[in-house]
Structures are given as C-alpha cells and as structure tokens.
Amino acid sequence: MADIGAGSLMVGLFFLFLVLRVPVAFALGLSALAAMWQLGFGLDLVGDLLTAGIAKFSLLAIPFFILAGNLMGKLGIADRMIRFFRVLVGGLPGGMGLVGTVVCLFWGAVSGSGPASVAAIGPMIVKSMEEDGYSRAFAAGLVSTGAAMSIVIPPSIGLVIYGVLAETSIADLFIAAIIPGLVCGALMLAALPFGRVRNAAATKALSPDPYPGLSYGAALWRGFLDSFWGLMTPVVILGGIYSGIFTPTEAAIVASVYALAVGGLAYRTLSIRGLYECLADSAAGSSVVMLVVAYAGLFGWVVTVDDLIGQYSGALLGLSQNQWVILAVIMLVVLIAGMFMDAVTIMFICLPIFLPVMRELQWDPIWFGVLIMINLAIGLITPPVGINLYVAANITRLPLEKVARGALPFLLTSLIGLAVIAAFPGLARVMLP
C-alpha cells in the first residue's frame, strides 16, 4: 500500500465501496478518510472541510428549488397544466405523447430535480398516454427522459452546482441552457411514432375531455385561466433572474414563496397536512443531496492535495492534439459514469479534472456546462443506476427492464441532442446578451 498514492487509493476504495453497495455519500467519505490517513492528516480537519464544502450561499438554491417543485406538484399545479396543454396540443399528431413531452419540458422550468419531476407528473401523464394508445412502458420512458431535462432546463440544481465549481455565473448558465434544453426536447418528438400500440381513434372514448361540453376556444381559455398562476412560475423565476431583480439563490426562495401563495390564495389547495408532507419530502431530498455535496468536498480536497487534478487533466491533454477527440473522451467518461453514479457525485469527482482541461483549451465554460448537464441528464435514464427509471418503474408497477426498453428511443434522441449542442456551441449563447 505504501507504493500506492493516496489519491489513487481513494479512487480505488470509492469504486470498491460502490461495488459493495455502500451509499454514494458514505463511499465518498470513507474513501477520503482513508486517503487523509495515508497522507498523515488528522481527523480534526474533517469537520472544517465538511463545513467548507456546503457553506456556500449559492448552494442554498438546492433545498429551496426542491421545496418549490414539491409544492407545485402537491398543490395541484401540475394537474392544471396537464389539462391546459392537453387542450392546447392534444389534437395534434402524437396526441398525449406530444402533451407529455411539452408538460415534462415545462415542468423542467418549475422543478430542478429529475426524479422529483417523474414522481410529480408521471402518474398523470402515463395514465393519459395509455388512454391515447401508447404502451405503458413507452409512456414511462417518455416521462423519465422528459423529466431528465429538468437538470438542463432552468432552474437546474445541476447548473447551480456547476456554477459553484466552475466559478461561472449561474444566471448566465440558466439563460444559456434554455435553447439546448428545448432542442433536446424537440428531438424527443421524433420517437413518438414508435410508441403507439393501438389505434388512438379506437381508444378516444377512454380519454376523458378535460372540459366536456366546451368548444375548443372556450376550453382553451378555461384551461389557461385554471393554470395561469402555474404557467407564470418560470416567468417569475427566469424573468427575475434575467432582469437582475434577484439572484438564482434568491429565485429559489421566491419560487417557494410563490408556490405557497398560489396554493394558499389562488387555488386554495394548501393544507397544514400537505405543507408538512412537502416540507418533510423536501428535507429528506435535500439532505441526500447536501450529504453527497459535503463528503464530495472532502473527496475533492484530497484530489487537490495529492495533485490528482494535474495528473489526470495532464493525461487527458496528452491524449491527442485534436480538441474534439479530447471532448469526445470527456463526454464518453461522463456517459459511462452516469450509468453507475448520480449527477451530483459525477460533478464533484470529474469536474475538478475536466475544468483545467476546459481552460487550457479555451472552451466556453457556459457551453461546456450545458454539455455536461445534457450528458448527466442522459445518465438519469441509463441503467443500471438510472434514477428516473427506478422512479418510473415504481409509479407504473413495471419491471425496470421494460421501462428501460421504453426509454431506449428517447435515449437515442438525447444522444443526438448532445451531439448537436457539441457541434454548434453558439446554441448555448443565443439568449445571452
């Protein structure tokens, strides 16, 4: 063991712990502690390092965006939006598949968490898509993929973390990710013809009219009025950030307060019990993320002290003189990592190595951040650790294998989207001043 560097020991132990099914946060912490012991540092440093890892104002956005997303789902905002979009685009080719895609993308502008989005809007979309002639597995795959875009389309927890690690404007990242997120969402539509298992016209009676007895125009207006305050959510969040009224962190707090106001005053769906459940779910979800962030900070400290950054980034730069080859290798590493680890862990382990390469090659940090987010979104739908697939399997009572097969067409369109954004960096700059 004396011949093994502390950093290499830590990385090896981390993957060993993953194989042994140790939770990711504790795998990070235990492997980092072993490396610190080998480096000769005492445990008295651990408390300060853990605190330093999470004592960042920008990271406050994470629990509040999680809370806002849970409130939006619990208070009936998602249901109203689905009814509105069902009237708006439900009659177009693709039917509820198109509605599901639109709702998933729109929900990405409400909740920054992929799994939370699947849980909030999945049951309603899957049920409606089945009634419209789609297989349940395909519908679950669509929801899993559309919800994965929640970490690309702002507000995004992933972009908050990237902005902190890369020391890049989170507000600029939010704005830059809108067009790439929509491009990936639009490409999802190409997969819709592969999901129909029976003639939709024959099952039209199974799909209830959201507003029976009303003409299209009247139903559209009624749906718009019913969902107006929910539709205003991304306008409030992104409009406030883009206009400079508040920061992304403050926007997360505003989003939570706005959701409470909509539920309590506009829709009157807020109850003490419902609020307690939202707070409890948000606290549990936030604690998991922040525990990973804290132990990842300890892991990152060892990476820096043992100069793993210099070793690995130097190895990447030495692979080729062609920067596109290096970018392809980075994207492949993230894709493979996404099969086994969650997005937060991947960012804290890989970005310290990739960011020096990005700076050396003078890549645009905004574009690179958006690329990483799309790549991590794909990881949410790739087994064996595609978290969105597990949530979708749970809400549909289908085996994970069937949900994964249903998501395969969307996995392919997502990879195409990744290639498009990589080939055209300007798409991440369209909306920036």
# chains A, B, ... in the order shown; residues from 1 in each chain; ligands from 1
$ residues_around --residues "range 417-426 of chain A" --least-positions-apart "5" --cutoff "10 Å" --atoms "only C-alpha atoms" --output "VMD selection string"
chain A and resid 176 179 to 188 324 327 to 328 331 363 to 364 366 to 368 370 to 375 378 411 to 412 431
$ residues_around --residues "Val403 in chain A" --least-positions-apart "4" --cutoff "8 Å" --atoms "only C-alpha atoms" --output "PyMOL selection string"
chain A and resi 137-138+140-141+389+392-393+398-399+407
$ write_last_selection --atoms "N, CA, C and O atoms" --output "short mmCIF file (atom, residue, chain, number, x, y, z; two decimals), in the first residue's frame"
data_model
loop_
_atom_site.label_atom_id
_atom_site.label_comp_id
_atom_site.auth_asym_id
_atom_site.auth_seq_id
_atom_site.Cartn_x
_atom_site.Cartn_y
_atom_site.Cartn_z
N ALA A 137 -44.97 1.16 -20.91
CA ALA A 137 -43.51 1.23 -20.83
C ALA A 137 -42.97 2.42 -21.61
O ALA A 137 -42.06 3.12 -21.16
N PHE A 138 -43.54 2.65 -22.80
CA PHE A 138 -43.11 3.79 -23.62
C PHE A 138 -43.44 5.10 -22.92
O PHE A 138 -42.62 6.03 -22.90
N ALA A 140 -43.74 5.57 -19.72
CA ALA A 140 -42.81 5.72 -18.60
C ALA A 140 -41.44 6.18 -19.08
O ALA A 140 -40.77 7.00 -18.43
N GLY A 141 -41.02 5.67 -20.25
CA GLY A 141 -39.74 6.10 -20.82
C GLY A 141 -39.77 7.56 -21.21
O GLY A 141 -38.78 8.29 -21.01
N LEU A 389 -35.48 6.05 -14.12
CA LEU A 389 -36.10 4.78 -14.50
C LEU A 389 -36.66 4.05 -13.28
O LEU A 389 -37.74 3.45 -13.34
N ALA A 392 -39.85 5.81 -12.26
CA ALA A 392 -40.91 5.50 -13.22
C ALA A 392 -41.40 4.06 -13.06
O ALA A 392 -42.60 3.78 -13.16
N ALA A 393 -40.48 3.13 -12.82
CA ALA A 393 -40.87 1.73 -12.58
C ALA A 393 -41.74 1.63 -11.35
O ALA A 393 -42.70 0.84 -11.31
N LEU A 398 -44.06 -1.43 -13.22
CA LEU A 398 -43.46 -2.22 -14.28
C LEU A 398 -42.04 -2.62 -13.89
O LEU A 398 -41.38 -1.92 -13.12
N PRO A 399 -41.53 -3.74 -14.42
CA PRO A 399 -40.13 -4.09 -14.17
C PRO A 399 -39.21 -3.03 -14.78
O PRO A 399 -39.53 -2.41 -15.81
N ALA A 407 -37.61 3.57 -22.73
CA ALA A 407 -36.84 4.81 -22.79
C ALA A 407 -35.78 4.79 -23.89
O ALA A 407 -35.19 5.84 -24.19
#
$ closest_residue --among "A:Ile381, A:Val333, A:Ala251, A:Met10" --to "Gln38 in chain A" --atoms "only C-alpha atoms"
A:Met10
$ atom_distance --atom1 "CA of Ala139 in chain A" --atom2 "CA of Val126 in chain A"
5.2 Å
$ closest_residue --among "A:Trp301, A:Trp221, A:Phe348, A:Phe174" --to "Leu432 in chain A" --atoms "only C-alpha atoms"
A:Phe174
$ residues_around --residues "Leu49 in chain A" --least-positions-apart "2" --cutoff "8 Å" --atoms "only C-alpha atoms" --output "PyMOL selection string"
chain A and resi 45-47+51-53+297-298+301
$ select_by_dssp --residues "range 171-370 of chain A" --states "helix (DSSP H, G or I)" --output "MDAnalysis selection string"
chainID A and resid 171:176 178:194 200:206 216:231 233:242 248:266 272:305 308:317 323:338 343:360 365:370
$ closest_residue --among "A:Val325, A:Val289, A:Leu18, A:Ile125" --to "Ser31 in chain A" --atoms "only C-alpha atoms"
A:Leu18
$ atom_distance --atom1 "CA of Gly97 in chain A" --atom2 "CA of Pro154 in chain A"
22.5 Å
$ closest_residue --among "A:Phe410, A:Tyr211, A:Phe64, A:Tyr258" --to "Met232 in chain A" --atoms "only C-alpha atoms"
A:Tyr258
$ atom_distance --atom1 "CA of Leu361 in chain A" --atom2 "CA of Thr168 in chain A"
16.7 Å
$ residues_around --residues "Phe299 in chain A" --least-positions-apart "6" --cutoff "7 Å" --atoms "only C-alpha atoms" --output "PyMOL selection string"
chain A and resi 28-29+32
$ residues_around --residues "Pro212 in chain A" --least-positions-apart "4" --cutoff "12 Å" --atoms "only C-alpha atoms" --output "PyMOL selection string"
chain A and resi 83+87+207-208+216+218-220+222-223
$ closest_residue --among "A:Pro115, A:Pro365, A:Pro352, A:Gly300" --to "Ile387 in chain A" --atoms "only C-alpha atoms"
A:Pro115
$ closest_residue --among "A:Met124, A:Leu30, A:Leu291, A:Val357" --to "Gln311 in chain A" --atoms "only C-alpha atoms"
A:Val357
$ decode --residues "range 8-19 of chain A" --atoms "N, CA, C and O atoms" --output "CSV table (one decimal), in the first residue's frame"
chain,number,residue,atom,x,y,z
A,8,SER,N,-4.9,7.8,-5.6
A,8,SER,CA,-5.2,6.6,-6.3
A,8,SER,C,-5.9,5.6,-5.4
A,8,SER,O,-6.9,4.9,-5.8
A,9,LEU,N,-5.4,5.5,-4.1
A,9,LEU,CA,-6.0,4.6,-3.1
A,9,LEU,C,-7.5,5.0,-2.9
A,9,LEU,O,-8.4,4.2,-2.8
A,10,MET,N,-7.7,6.4,-2.8
A,10,MET,CA,-9.0,6.9,-2.5
A,10,MET,C,-10.0,6.5,-3.7
A,10,MET,O,-11.1,6.0,-3.4
A,11,VAL,N,-9.5,6.7,-4.9
A,11,VAL,CA,-10.4,6.4,-6.1
A,11,VAL,C,-10.7,4.9,-6.1
A,11,VAL,O,-11.9,4.5,-6.3
A,12,GLY,N,-9.7,4.1,-5.9
A,12,GLY,CA,-9.9,2.6,-5.9
A,12,GLY,C,-10.9,2.2,-4.8
A,12,GLY,O,-11.8,1.4,-5.0
A,13,LEU,N,-10.7,2.8,-3.6
A,13,LEU,CA,-11.7,2.4,-2.5
A,13,LEU,C,-13.1,2.9,-2.8
A,13,LEU,O,-14.0,2.2,-2.5
A,14,PHE,N,-13.2,4.1,-3.4
A,14,PHE,CA,-14.5,4.6,-3.7
A,14,PHE,C,-15.3,3.6,-4.6
A,14,PHE,O,-16.4,3.3,-4.4
A,15,PHE,N,-14.6,3.1,-5.7
A,15,PHE,CA,-15.3,2.2,-6.6
A,15,PHE,C,-15.5,0.8,-5.9
A,15,PHE,O,-16.5,0.2,-6.2
A,16,LEU,N,-14.6,0.4,-5.0
A,16,LEU,CA,-14.9,-0.8,-4.3
A,16,LEU,C,-16.1,-0.7,-3.4
A,16,LEU,O,-16.9,-1.6,-3.4
A,17,PHE,N,-16.3,0.5,-2.7
A,17,PHE,CA,-17.4,0.7,-1.9
A,17,PHE,C,-18.7,0.7,-2.7
A,17,PHE,O,-19.7,0.2,-2.3
A,18,LEU,N,-18.6,1.2,-3.9
A,18,LEU,CA,-19.8,1.2,-4.8
A,18,LEU,C,-20.2,-0.2,-5.2
A,18,LEU,O,-21.4,-0.5,-5.2
A,19,VAL,N,-19.2,-1.0,-5.5
A,19,VAL,CA,-19.5,-2.4,-5.8
A,19,VAL,C,-20.1,-3.1,-4.6
A,19,VAL,O,-21.0,-4.0,-4.8
